[in-house]
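One file, run-v7.cif, carrying mmCIF, C-alpha atoms:
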```cif
data_entry
loop_
_atom_site.label_atom_id
_atom_site.label_comp_id
_atom_site.auth_asym_id
_atom_site.auth_seq_id
_atom_site.Cartn_x
_atom_site.Cartn_y
_atom_site.Cartn_z
CA MET Z 361 -6.20 16.02 -0.82
CA ASN Z 362 -4.44 16.82 2.48
CA GLN Z 363 -2.71 20.09 1.69
CA LYS Z 364 -0.49 19.90 4.80
CA TRP Z 365 1.55 17.07 3.31
CA PHE Z 366 0.63 17.21 -0.37
CA TYR Z 367 2.34 20.46 -1.34
CA PRO Z 368 5.59 19.79 0.58
CA PHE Z 369 5.87 16.38 -1.10
CA LEU Z 370 5.03 17.96 -4.46
CA ILE Z 371 7.86 20.48 -4.07
CA LEU Z 372 10.37 17.97 -2.68
CA SER Z 373 9.68 15.37 -5.40
CA THR Z 374 10.02 18.02 -8.13
CA LEU Z 375 13.29 19.35 -6.70
CA GLY Z 376 14.58 15.78 -6.35
CA SER Z 377 13.64 14.99 -9.93
CA ALA Z 378 15.36 18.17 -11.18
CA ALA Z 379 18.50 17.42 -9.16
CA ALA Z 380 18.71 13.87 -10.51
CA LYS Z 381 18.20 15.16 -14.05
CA PHE Z 382 20.72 18.01 -14.06
CA LEU Z 383 23.34 16.53 -11.74
CA GLY Z 384 23.59 13.45 -13.94
CA GLY Z 385 22.32 10.86 -11.50
CA ASN Z 386 21.56 7.22 -12.22
CA GLN Z 387 18.91 6.89 -14.93
CA SER Z 388 16.85 4.49 -12.85
CA LEU Z 389 16.81 7.08 -10.04
CA GLN Z 390 15.85 9.78 -12.56
CA PHE Z 391 12.99 7.59 -13.76
CA ALA Z 392 11.73 6.87 -10.23
CA LEU Z 393 11.83 10.53 -9.15
CA ALA Z 394 10.20 11.69 -12.40
CA CYS Z 395 7.40 9.14 -11.82
CA LEU Z 396 6.91 10.34 -8.24
CA SER Z 397 6.85 14.00 -9.21
CA LEU Z 398 4.52 13.26 -12.14
CA LEU Z 399 2.08 11.50 -9.80
CA PHE Z 400 1.86 14.58 -7.57
CA TRP Z 401 1.51 17.01 -10.48
CA ALA Z 402 -1.13 14.79 -12.12
CA GLY Z 403 -2.98 14.77 -8.79
CA LEU Z 404 -2.89 18.58 -8.63
CA LEU Z 405 -3.99 18.71 -12.27
CA GLY Z 406 -6.99 16.56 -11.38
CA LYS Z 407 -7.89 18.76 -8.41
CA ALA Z 408 -7.55 21.96 -10.45
CA THR Z 409 -9.69 20.44 -13.21
CA GLU Z 410 -12.37 19.49 -10.68
CA ASN Z 411 -12.50 23.10 -9.48
CA VAL Z 412 -12.60 24.55 -13.00
CA ALA Z 413 -15.37 22.07 -13.81
CA HIS Z 414 -17.41 23.51 -10.94
CA TYR Z 415 -17.43 26.90 -12.63
CA ALA Z 416 -17.91 25.48 -16.15
CA GLY Z 417 -21.11 23.53 -15.44
CA GLU Z 418 -21.88 19.85 -15.12
CA ARG Z 419 -21.71 18.30 -18.60
CA LEU Z 420 -18.88 20.55 -19.73
CA GLY Z 421 -17.24 19.83 -16.39
CA GLY Z 422 -17.29 16.11 -17.13
CA LEU Z 423 -15.61 16.78 -20.48
CA LEU Z 424 -12.98 18.97 -18.81
CA ASN Z 425 -12.28 16.26 -16.23
CA ALA Z 426 -11.74 13.69 -18.98
CA THR Z 427 -9.68 16.06 -21.14
CA PHE Z 428 -7.24 17.32 -18.53
CA GLY Z 429 -7.19 13.91 -16.88
CA ASN Z 430 -5.75 12.68 -20.19
CA ALA Z 431 -3.29 15.58 -20.48
CA ALA Z 432 -0.48 13.63 -18.82
CA GLU Z 433 -0.97 10.63 -21.12
CA LEU Z 434 -1.11 12.83 -24.23
CA ILE Z 435 2.03 14.74 -23.27
CA ILE Z 436 3.93 11.53 -22.50
CA ALA Z 437 2.77 10.07 -25.83
CA ILE Z 438 3.92 13.15 -27.77
CA PHE Z 439 7.44 12.84 -26.34
CA LEU Z 440 7.43 9.12 -27.13
CA VAL Z 441 6.40 9.94 -30.71
CA LYS Z 442 9.20 12.51 -30.91
CA GLU Z 443 11.68 9.78 -29.92
CA GLY Z 444 10.16 7.42 -32.53
CA LEU Z 445 9.04 4.92 -29.88
CA PHE Z 446 5.81 4.04 -31.70
CA ASP Z 447 5.45 0.58 -30.15
CA MET Z 448 5.55 2.11 -26.68
CA VAL Z 449 3.10 4.84 -27.79
CA LYS Z 450 0.60 2.22 -28.90
CA ALA Z 451 1.16 0.24 -25.72
CA SER Z 452 0.54 3.39 -23.64
CA ILE Z 453 -2.66 4.09 -25.63
CA THR Z 454 -3.76 0.52 -24.95
CA GLY Z 455 -2.88 0.91 -21.29
CA SER Z 456 -4.78 4.18 -21.01
CA ILE Z 457 -7.92 2.67 -22.50
CA ILE Z 458 -7.91 -0.51 -20.41
CA GLY Z 459 -6.68 1.37 -17.35
CA ASN Z 460 -9.67 3.71 -17.44
CA LEU Z 461 -12.22 1.00 -18.33
CA LEU Z 462 -10.95 -1.59 -15.85
CA LEU Z 463 -8.80 -0.03 -13.12
CA VAL Z 464 -10.32 3.46 -12.71
CA LEU Z 465 -13.91 2.37 -13.32
CA GLY Z 466 -13.40 -0.86 -11.36
CA LEU Z 467 -12.01 0.89 -8.29
CA SER Z 468 -14.74 3.54 -8.48
CA LEU Z 469 -17.55 0.95 -8.60
CA PHE Z 470 -15.87 -1.11 -5.88
CA VAL Z 471 -15.29 1.62 -3.29
CA GLY Z 472 -18.59 3.33 -4.10
CA GLY Z 473 -20.43 0.03 -3.87
CA LEU Z 474 -18.95 -0.77 -0.46
CA LYS Z 475 -20.54 2.37 0.91
CA PHE Z 476 -23.76 2.41 -1.14
CA LYS Z 477 -25.52 -0.85 -2.04
CA ILE Z 478 -26.71 0.26 -5.49
CA GLN Z 479 -25.54 3.32 -7.43
CA ASN Z 480 -27.41 4.60 -10.49
CA PHE Z 481 -26.62 6.91 -13.41
CA ASN Z 482 -28.16 7.86 -16.76
CA PRO Z 483 -28.76 4.59 -18.69
CA LEU Z 484 -29.25 6.41 -22.02
CA LEU Z 485 -25.81 7.99 -21.74
CA ALA Z 486 -24.40 4.60 -20.71
CA GLY Z 487 -25.88 3.05 -23.86
CA HIS Z 488 -24.29 5.68 -26.10
CA ASN Z 489 -20.94 5.23 -24.33
CA SER Z 490 -21.16 1.48 -24.98
CA SER Z 491 -21.77 2.09 -28.69
CA LEU Z 492 -18.81 4.45 -28.85
CA MET Z 493 -16.61 1.85 -27.17
CA MET Z 494 -17.59 -0.63 -29.88
CA LEU Z 495 -16.72 1.99 -32.52
CA ALA Z 496 -13.28 2.39 -30.95
CA VAL Z 497 -12.73 -1.39 -31.06
CA ILE Z 498 -13.85 -1.57 -34.70
CA ALA Z 499 -11.60 1.36 -35.68
CA LEU Z 500 -8.54 -0.38 -34.22
CA VAL Z 501 -9.32 -3.97 -35.23
CA VAL Z 502 -10.22 -3.37 -38.90
CA PRO Z 503 -6.92 -1.78 -40.03
CA ALA Z 504 -4.91 -4.37 -38.05
CA VAL Z 505 -6.71 -7.24 -39.82
CA PHE Z 506 -6.88 -5.81 -43.34
CA LEU Z 507 -3.57 -3.93 -43.54
CA ARG Z 508 -1.18 -6.35 -41.87
CA ASP Z 509 0.59 -7.28 -45.15
CA VAL Z 510 -0.04 -4.03 -47.06
CA PRO Z 511 2.94 -1.79 -48.03
CA ALA Z 512 3.81 0.89 -45.47
CA VAL Z 513 2.93 3.76 -47.80
CA LYS Z 514 -0.65 2.53 -48.19
CA VAL Z 515 -0.90 1.76 -44.47
CA ASN Z 516 0.10 5.33 -43.62
CA GLY Z 517 -2.46 6.73 -46.05
CA VAL Z 518 -5.28 4.60 -44.66
CA SER Z 519 -4.21 5.47 -41.09
CA LEU Z 520 -4.59 9.17 -41.88
CA ILE Z 521 -8.09 8.61 -43.30
CA ILE Z 522 -9.21 6.53 -40.31
CA ALA Z 523 -7.68 9.05 -37.89
CA SER Z 524 -9.57 11.86 -39.65
CA VAL Z 525 -12.98 10.18 -39.45
CA LEU Z 526 -12.44 9.18 -35.80
CA ILE Z 527 -11.64 12.76 -34.83
CA LEU Z 528 -14.67 13.94 -36.80
CA GLY Z 529 -16.81 11.32 -35.07
CA TYR Z 530 -15.55 12.42 -31.66
CA PHE Z 531 -16.36 16.08 -32.25
CA LEU Z 532 -19.79 15.14 -33.62
CA TRP Z 533 -20.35 13.18 -30.39
CA LEU Z 534 -19.48 16.29 -28.38
CA TYR Z 535 -21.92 18.32 -30.46
CA PHE Z 536 -24.58 15.64 -30.06
CA SER Z 537 -24.15 15.20 -26.30
CA LEU Z 538 -23.52 18.81 -25.32
CA ILE Z 539 -25.87 20.63 -27.69
CA THR Z 540 -28.50 18.80 -29.77
CA HIS Z 541 -29.35 16.07 -27.20
CA LYS Z 542 -28.19 17.75 -24.03
CA LYS Z 543 -31.52 17.30 -22.22
CA GLU Z 544 -32.06 13.71 -23.32
CA LEU Z 545 -28.61 12.65 -22.12
CA GLY Z 546 -29.04 14.61 -18.92
CA GLU Z 547 -28.12 18.25 -18.48
CA HIS Z 548 -27.13 17.34 -14.95
CA ILE Z 549 -24.70 14.50 -14.41
CA ASP Z 550 -25.49 13.18 -10.98
CA GLY Z 551 -22.39 13.78 -8.99
CA MET Z 552 -20.88 16.75 -10.73
CA PRO Z 553 -20.39 19.69 -8.35
CA ASN Z 554 -23.65 21.00 -6.90
CA HIS Z 555 -23.44 24.75 -7.34
CA ASP Z 556 -25.92 25.40 -4.55
CA HIS Z 557 -24.40 23.29 -1.80
CA GLU Z 558 -20.71 22.68 -2.54
CA GLU Z 559 -18.02 25.30 -2.69
CA PRO Z 560 -14.83 24.74 -4.69
CA ASP Z 561 -11.46 24.79 -2.94
CA TYR Z 562 -10.12 27.61 -5.11
CA SER Z 563 -11.47 30.71 -6.85
CA LYS Z 564 -11.94 30.62 -10.62
CA GLY Z 565 -8.69 32.52 -11.26
CA VAL Z 566 -6.60 30.35 -8.93
CA SER Z 567 -8.17 27.19 -10.40
CA ILE Z 568 -7.23 28.20 -13.95
CA LEU Z 569 -3.71 29.21 -12.83
CA LEU Z 570 -3.19 25.85 -11.10
CA LEU Z 571 -4.51 24.10 -14.21
CA VAL Z 572 -1.95 25.85 -16.42
CA VAL Z 573 0.98 25.46 -14.00
CA SER Z 574 0.29 21.77 -13.32
CA THR Z 575 -0.05 21.06 -17.07
CA VAL Z 576 3.36 22.69 -17.69
CA PHE Z 577 5.05 20.62 -14.96
CA VAL Z 578 3.33 17.45 -16.15
CA ALA Z 579 4.90 18.17 -19.56
CA ILE Z 580 8.35 18.71 -18.04
CA GLN Z 581 8.27 15.55 -15.92
CA SER Z 582 6.85 13.57 -18.86
CA GLU Z 583 9.83 14.52 -21.04
CA TRP Z 584 12.28 13.52 -18.32
CA LEU Z 585 10.41 10.27 -17.83
CA VAL Z 586 10.49 9.37 -21.52
CA HIS Z 587 14.25 9.98 -21.76
CA THR Z 588 14.90 7.27 -19.14
CA VAL Z 589 12.13 4.77 -19.85
CA GLU Z 590 14.06 2.65 -22.38
CA HIS Z 591 17.01 2.31 -19.98
CA VAL Z 592 14.75 1.24 -17.12
CA ALA Z 593 12.82 -1.23 -19.28
CA THR Z 594 16.09 -2.83 -20.41
CA ALA Z 595 17.58 -2.86 -16.90
CA LEU Z 596 14.51 -4.54 -15.41
CA GLY Z 597 14.00 -6.90 -18.34
CA TRP Z 598 10.48 -5.59 -18.94
CA SER Z 599 9.00 -5.43 -22.42
CA GLU Z 600 8.00 -2.12 -24.02
CA LEU Z 601 4.47 -3.52 -24.12
CA PHE Z 602 4.29 -3.93 -20.34
CA VAL Z 603 6.04 -0.63 -19.55
CA GLY Z 604 3.78 1.31 -21.91
CA ALA Z 605 0.52 -0.48 -21.17
CA PHE Z 606 0.79 -0.62 -17.39
CA LEU Z 607 3.58 1.42 -15.80
CA ILE Z 608 3.27 4.58 -17.91
CA ALA Z 609 -0.52 4.25 -18.16
CA ILE Z 610 -0.98 3.98 -14.38
CA ILE Z 611 1.18 7.05 -13.81
CA GLY Z 612 -0.61 9.01 -16.53
CA ASN Z 613 -4.02 7.96 -15.14
CA ALA Z 614 -3.32 9.36 -11.66
CA ALA Z 615 -5.67 12.31 -12.12
CA GLU Z 616 -8.59 10.09 -13.17
CA HIS Z 617 -7.85 7.61 -10.38
CA SER Z 618 -8.19 10.17 -7.63
CA ALA Z 619 -11.08 12.18 -9.09
CA ALA Z 620 -13.32 9.25 -10.08
CA ILE Z 621 -12.76 7.23 -6.90
CA PHE Z 622 -13.46 10.15 -4.55
CA LEU Z 623 -16.62 11.02 -6.49
CA ALA Z 624 -17.84 7.41 -6.27
CA MET Z 625 -17.25 7.42 -2.51
CA LYS Z 626 -19.56 10.44 -2.30
CA ASN Z 627 -22.29 8.52 -4.20
CA LYS Z 628 -21.57 10.62 -7.29
CA ILE Z 629 -21.25 7.60 -9.55
CA GLY Z 630 -22.54 9.42 -12.64
CA ALA Z 631 -19.55 11.72 -12.64
CA ALA Z 632 -17.14 8.87 -11.83
CA VAL Z 633 -18.42 6.84 -14.81
CA GLU Z 634 -18.31 9.92 -17.04
CA ILE Z 635 -14.65 10.48 -16.15
CA ALA Z 636 -13.55 6.83 -16.49
CA ILE Z 637 -15.43 5.87 -19.66
CA GLY Z 638 -15.23 9.37 -21.14
CA SER Z 639 -11.44 9.30 -20.75
CA SER Z 640 -11.18 5.94 -22.53
CA LEU Z 641 -13.33 7.17 -25.39
CA GLN Z 642 -11.31 10.35 -25.69
CA ILE Z 643 -8.06 8.36 -25.84
CA ALA Z 644 -9.41 5.97 -28.51
CA LEU Z 645 -11.36 8.43 -30.65
CA PHE Z 646 -9.28 11.59 -30.33
CA VAL Z 647 -5.85 11.20 -28.72
CA ALA Z 648 -4.72 8.13 -30.69
CA PRO Z 649 -5.85 9.59 -34.07
CA ALA Z 650 -4.37 12.98 -33.15
CA LEU Z 651 -1.00 11.34 -32.49
CA VAL Z 652 -1.01 10.08 -36.09
CA PHE Z 653 -1.09 13.70 -37.28
CA ILE Z 654 1.28 14.91 -34.56
CA SER Z 655 3.83 12.33 -35.69
CA LEU Z 656 3.96 14.06 -39.08
CA LEU Z 657 5.49 17.10 -37.36
CA PHE Z 658 8.52 14.95 -36.51
CA ASN Z 659 8.72 13.40 -40.00
CA LYS Z 660 8.02 9.94 -38.55
CA GLN Z 661 4.42 8.95 -39.27
CA MET Z 662 2.79 6.60 -36.80
CA ASP Z 663 0.21 4.15 -38.14
CA LEU Z 664 -2.85 2.67 -36.43
CA ILE Z 665 -1.76 -0.96 -36.65
CA PHE Z 666 -1.91 -2.36 -33.12
CA THR Z 667 -0.65 -5.80 -32.11
CA SER Z 668 -3.01 -8.72 -31.53
CA TYR Z 669 -2.19 -8.53 -27.80
CA GLU Z 670 -3.20 -4.89 -27.63
CA LEU Z 671 -6.37 -5.41 -29.66
CA THR Z 672 -7.41 -8.36 -27.50
CA ALA Z 673 -6.88 -6.31 -24.33
CA ILE Z 674 -8.89 -3.37 -25.66
CA GLY Z 675 -11.63 -5.64 -26.98
CA VAL Z 676 -12.23 -7.62 -23.79
CA SER Z 677 -12.07 -4.42 -21.71
CA ALA Z 678 -14.69 -2.72 -23.85
CA ILE Z 679 -16.96 -5.78 -23.79
CA ILE Z 680 -17.03 -6.22 -20.01
CA ALA Z 681 -17.18 -2.47 -19.29
CA SER Z 682 -20.06 -2.12 -21.74
CA SER Z 683 -21.85 -5.13 -20.24
CA ILE Z 684 -21.54 -3.77 -16.70
CA SER Z 685 -22.37 -0.11 -17.35
CA ARG Z 686 -25.11 -0.39 -20.00
CA ASP Z 687 -28.02 -0.71 -17.51
CA GLY Z 688 -27.04 2.45 -15.60
CA SER Z 689 -26.79 0.60 -12.30
CA THR Z 690 -23.65 -0.55 -10.47
CA ASN Z 691 -22.50 -2.32 -7.29
CA TRP Z 692 -19.22 -3.33 -5.65
CA TYR Z 693 -19.14 -6.80 -7.21
CA GLU Z 694 -19.24 -5.37 -10.74
CA GLY Z 695 -16.22 -3.28 -9.79
CA THR Z 696 -14.51 -6.46 -8.60
CA LEU Z 697 -15.12 -8.11 -11.99
CA LEU Z 698 -13.42 -5.21 -13.78
CA LEU Z 699 -10.43 -5.37 -11.44
CA ILE Z 700 -10.10 -9.15 -11.96
CA VAL Z 701 -9.89 -8.67 -15.74
CA TYR Z 702 -7.27 -5.93 -15.23
CA ILE Z 703 -5.15 -8.25 -13.08
CA ILE Z 704 -5.45 -11.03 -15.69
CA LEU Z 705 -4.31 -8.67 -18.47
CA GLY Z 706 -1.49 -7.27 -16.34
CA THR Z 707 -0.21 -10.78 -15.60
CA VAL Z 708 -0.12 -11.91 -19.24
CA PHE Z 709 1.34 -8.59 -20.45
CA PHE Z 710 4.18 -8.99 -17.95
CA VAL Z 711 4.98 -12.48 -19.22
CA VAL Z 712 4.81 -11.91 -23.00
#
```
The structure given in the file should be rewritten as structure tokens.
Amino acid sequence: MNQKWFYPFLILSTLGSAAAKFLGGNQSLQFALACLSLLFWAGLLGKATENVAHYAGERLGGLLNATFGNAAELIIAIFLVKEGLFDMVKASITGSIIGNLLLVLGLSLFVGGLKFKIQNFNPLLAGHNSSLMMLAVIALVVPAVFLRDVPAVKVNGVSLIIASVLILGYFLWLYFSLITHKKELGEHIDGMPNHDHEEPDYSKGVSILLLVVSTVFVAIQSEWLVHTVEHVATALGWSELFVGAFLIAIIGNAAEHSAAIFLAMKNKIGAAVEIAIGSSLQIALFVAPALVFISLLFNKQMDLIFTSYELTAIGVSAIIASSISRDGSTNWYEGTLLLIVYIILGTVFFVV
């Protein structure tokens, strides 16, 4: 992050976004400026998270990277839920999952592989991540198949039960990986900050302050973005599926993009994989189920019935990501394969 140009652009984009919002500018301009400002704030959020992770330790640091990397997506989704745009919420969840598994992981493996012929990480952790990806696919496919023609009241009830067990499963995974099997899964993720040789950019206090401030501004820009997204989608003739699954997801994934790719370029592929796959798992097993409960606060319950397009995209992404990462060894061509699948999905999502 080049601070000489980053912070001026951060300030200018935020002021521009605020001016367009409060001076009543064109909604397409509001959307574009909110996207630009959100990209910069998500980038700062990622950098602040990386610094906080340095002080928190390696495995907890990986969790923090995934969690705050998903903060933008969660905040955007909450505002979409508030507006009752459930189809776009589900599309953005789909986009976040496939974006992390294909685009973030793919770019990380590609750029890391160009510099280092073979990159290795913990195969046991990779195996568990693959199993969790399959759980996420099962949890989304089963209700879509079985509850398609069931009355809405029963669908909502089943959605709450599934959401509850997924959240429980996610927290049990955290307990398993961070406490009971910490040593077996690797106390040290190769690539997380080396406390002996690398110094963070900010002190602990400044890192936490930046984390809080950037999260607040991500929330503000997310709300402004959501208020204009329907207008822009209509004006451009894009479907809610494409806008949610690709445009919003790419913007929300900015923090993971930068963090994972830069780590891979430093031969820290373990951390890059932890961020990319960990973020997808967190979206599928925690964020999506949490949104079901959050929707109750707005008296508009969201269910877990995804479309066949979304399920297919999530399924194929999980299969190829699992196939590539399970052996704990990566190269640039495997990254290329992930990116090819992402381009294929993006093309068909744009057309449908």
Point to revise | For Ser491 in chain Z, the nearest of the candidates Z:Ile435, Z:Ile637, Z:Leu623, Z:Val573, counting all atoms listed in the file | key: Z:Ile637
Given all atoms listed in the file, how would the per-residue table for range 546-660 of chain Z near range 521-531 of chain Z read, listing every residue at most 8 Å away with its closest atom pair and distance in Å to one decimal, sorted by chain and number, as CSV?
```
residue,atom,partner,partner_atom,distance
Z:Gln642,CA,Z:Tyr530,CA,7.6
Z:Leu645,CA,Z:Leu526,CA,5.3
Z:Phe646,CA,Z:Ile527,CA,5.2
Z:Ala648,CA,Z:Ala523,CA,7.8
Z:Pro649,CA,Z:Ala523,CA,4.3
Z:Ala650,CA,Z:Ala523,CA,7.0
Z:Val652,CA,Z:Ala523,CA,7.0
```
Exercise for review: For Ile654 in chain Z, work out the shell of residues within 12 Å, counting all atoms listed in the file and skipping chain neighbours fewer than 3 positions away, then give it as an NGL selection string.
Suggested key: :Z and (434-435 or 437-442 or 444 or 520 or 523 or 646-651 or 657-663)
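The shortest atom-to-atom distance to Val572 in chain Z, with only C-alpha atoms taken into account, belongs to Z:Ala431 out of Z:Ala431, Z:Leu699, Z:Ala605, Z:Leu484.
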Between range 419-528 of chain Z and range 676-689 of chain Z, at 10 Å or less, what are the per-residue closest atom pairs and their distances in Å? Count only C-alpha atoms, order by chain and rising residue number, and return it as JSON lines.
```
{"residue": "Z:Ile457", "atom": "CA", "partner": "Z:Ser677", "partner_atom": "CA", "distance": 8.3}
{"residue": "Z:Ile458", "atom": "CA", "partner": "Z:Ser677", "partner_atom": "CA", "distance": 5.9}
{"residue": "Z:Gly459", "atom": "CA", "partner": "Z:Ser677", "partner_atom": "CA", "distance": 9.0}
{"residue": "Z:Asn460", "atom": "CA", "partner": "Z:Ser677", "partner_atom": "CA", "distance": 9.5}
{"residue": "Z:Leu461", "atom": "CA", "partner": "Z:Ala681", "partner_atom": "CA", "distance": 6.1}
{"residue": "Z:Leu462", "atom": "CA", "partner": "Z:Ser677", "partner_atom": "CA", "distance": 6.6}
{"residue": "Z:Leu465", "atom": "CA", "partner": "Z:Ala681", "partner_atom": "CA", "distance": 8.4}
{"residue": "Z:Gly466", "atom": "CA", "partner": "Z:Ala681", "partner_atom": "CA", "distance": 8.9}
{"residue": "Z:Leu469", "atom": "CA", "partner": "Z:Ser689", "partner_atom": "CA", "distance": 10.0}
{"residue": "Z:Ile478", "atom": "CA", "partner": "Z:Ser689", "partner_atom": "CA", "distance": 6.8}
{"residue": "Z:Gln479", "atom": "CA", "partner": "Z:Ser689", "partner_atom": "CA", "distance": 5.7}
{"residue": "Z:Asn480", "atom": "CA", "partner": "Z:Ser689", "partner_atom": "CA", "distance": 4.4}
{"residue": "Z:Phe481", "atom": "CA", "partner": "Z:Gly688", "partner_atom": "CA", "distance": 5.0}
{"residue": "Z:Asn482", "atom": "CA", "partner": "Z:Gly688", "partner_atom": "CA", "distance": 5.6}
{"residue": "Z:Pro483", "atom": "CA", "partner": "Z:Gly688", "partner_atom": "CA", "distance": 4.1}
{"residue": "Z:Leu484", "atom": "CA", "partner": "Z:Gly688", "partner_atom": "CA", "distance": 7.9}
{"residue": "Z:Leu485", "atom": "CA", "partner": "Z:Gly688", "partner_atom": "CA", "distance": 8.4}
{"residue": "Z:Ala486", "atom": "CA", "partner": "Z:Arg686", "partner_atom": "CA", "distance": 5.1}
{"residue": "Z:Gly487", "atom": "CA", "partner": "Z:Arg686", "partner_atom": "CA", "distance": 5.2}
{"residue": "Z:His488", "atom": "CA", "partner": "Z:Arg686", "partner_atom": "CA", "distance": 8.6}
{"residue": "Z:Asn489", "atom": "CA", "partner": "Z:Ser682", "partner_atom": "CA", "distance": 7.8}
{"residue": "Z:Ser490", "atom": "CA", "partner": "Z:Ser682", "partner_atom": "CA", "distance": 5.0}
{"residue": "Z:Ser491", "atom": "CA", "partner": "Z:Ser682", "partner_atom": "CA", "distance": 8.3}
{"residue": "Z:Leu492", "atom": "CA", "partner": "Z:Ala678", "partner_atom": "CA", "distance": 9.7}
{"residue": "Z:Met493", "atom": "CA", "partner": "Z:Ala678", "partner_atom": "CA", "distance": 6.0}
{"residue": "Z:Met494", "atom": "CA", "partner": "Z:Ala678", "partner_atom": "CA", "distance": 7.0}
{"residue": "Z:Ala496", "atom": "CA", "partner": "Z:Ala678", "partner_atom": "CA", "distance": 8.9}
{"residue": "Z:Val497", "atom": "CA", "partner": "Z:Ala678", "partner_atom": "CA", "distance": 7.6}
```
Practice item. In Å, rounded to a single decimal, give me how far CA of Val576 in chain Z is from CA of Asn386 in chain Z. Key: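 So the answer is 24.5 Å.
Among Z:Leu500, Z:Val510, Z:Leu570, Z:Met625, the residue with the shortest atom-to-atom distance to Phe666 in chain Z, counting only C-alpha atoms, is Z:Leu500.
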Review point. Of the residues Z:Ala631, Z:Gly597, Z:Ala432, Z:Phe400, which is the one nearest to Trp365 in chain Z, using only C-alpha atoms?
Key: Z:Phe400
Review point. Any chance you could work out the residue set of the PyMOL selection byres ((chain Z and resi 692) around 8) here, as a ChimeraX atom specification?
Key: /Z:469-474,477,690-691,693-696
Exercise for review: Identify all residues satisfying the PyMOL selection byres ((chain Z and resi 665) around 10) in the given file; provide them as a PyMOL selection string.
Suggested key: chain Z and resi 447+450+500-508+515-516+519+662-664+666-668+670-671
Review point. Taking the file as shown, what set of residues would the PyMOL selection byres ((chain Z and resi 408) around 12) give back, as a VMD selection string?
Key: chain Z and resid 361 401 to 407 409 to 415 421 424 to 425 428 to 429 560 to 575 615 619
Point to revise | Atom-to-atom span, CA of Ala644 in chain Z and CA of Ala499 in chain Z, Å | key: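 Computing the Euclidean distance for CA of Ala644 in chain Z and CA of Ala499 in chain Z yields 8.8 Å.
Among the candidate residues Z:Leu383, Z:Ile436, Z:Ala673, Z:Val701, the one lying nearest to Glu583 in chain Z is Z:Ile436, with distances computed using all atoms listed in the file.
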Practice item. Provide the CA of Thr427 in chain Z to CA of Ala632 in chain Z distance in Å, to one decimal place. Key: 13.9 Å
Point to revise | For Ala620 in chain Z: contacts at 7 Å, only C-alpha atoms, fewer than 5 positions along chain excluded, given as a ChimeraX atom specification | key: /Z:468,632,635-636
Practice item. Have a look at Z:Thr540, Z:Ser655, Z:Thr454, Z:Thr374 and name the one nearest to Phe577 in chain Z; count only C-alpha atoms. Key: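 Ranked by minimum distance to Phe577 in chain Z, first place goes to Z:Thr374.
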To test the calculation: enclose all listed atoms of range 444-455 of chain Z in a box whose edges run along x, y and z, add 8 Å on each side, then state centre and edge lengths in Å to one decimal, as lines of an AutoDock Vina configuration file.
```
center_x = 3.2
center_y = 3.8
center_z = -26.9
size_x = 29.9
size_y = 23.2
size_z = 27.2
```
Give as a PDB file with C-alpha atoms, in the frame of the given file the set of residues within 10 Å of the point (12.3, 5.0, -20.2), where distances use the file's coordinates and all atoms listed in the file.
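Output below, filename selection_7.pdb:
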```
ATOM      1  CA  GLN Z 387      18.910   6.890 -14.930  1.00  0.00           C
ATOM      2  CA  SER Z 388      16.850   4.490 -12.850  1.00  0.00           C
ATOM      3  CA  GLN Z 390      15.850   9.780 -12.560  1.00  0.00           C
ATOM      4  CA  PHE Z 391      12.990   7.590 -13.760  1.00  0.00           C
ATOM      5  CA  LEU Z 440       7.430   9.120 -27.130  1.00  0.00           C
ATOM      6  CA  MET Z 448       5.550   2.110 -26.680  1.00  0.00           C
ATOM      7  CA  GLU Z 583       9.830  14.520 -21.040  1.00  0.00           C
ATOM      8  CA  TRP Z 584      12.280  13.520 -18.320  1.00  0.00           C
ATOM      9  CA  LEU Z 585      10.410  10.270 -17.830  1.00  0.00           C
ATOM     10  CA  VAL Z 586      10.490   9.370 -21.520  1.00  0.00           C
ATOM     11  CA  HIS Z 587      14.250   9.980 -21.760  1.00  0.00           C
ATOM     12  CA  THR Z 588      14.900   7.270 -19.140  1.00  0.00           C
ATOM     13  CA  VAL Z 589      12.130   4.770 -19.850  1.00  0.00           C
ATOM     14  CA  GLU Z 590      14.060   2.650 -22.380  1.00  0.00           C
ATOM     15  CA  HIS Z 591      17.010   2.310 -19.980  1.00  0.00           C
ATOM     16  CA  VAL Z 592      14.750   1.240 -17.120  1.00  0.00           C
ATOM     17  CA  ALA Z 593      12.820  -1.230 -19.280  1.00  0.00           C
ATOM     18  CA  THR Z 594      16.090  -2.830 -20.410  1.00  0.00           C
ATOM     19  CA  GLU Z 600       8.000  -2.120 -24.020  1.00  0.00           C
ATOM     20  CA  VAL Z 603       6.040  -0.630 -19.550  1.00  0.00           C
ATOM     21  CA  GLY Z 604       3.780   1.310 -21.910  1.00  0.00           C
ATOM     22  CA  ILE Z 608       3.270   4.580 -17.910  1.00  0.00           C
TER      23      ILE Z 608
END
```
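The environment of Lys626 in chain Z within 9 Å, counting only C-alpha atoms and disregarding residues fewer than 2 places along the same chain, consists of Z:Gly472, Z:Lys475, Z:Gly551, Z:Ile621, Z:Phe622, Z:Leu623, Z:Ala624, Z:Lys628, Z:Ile629.
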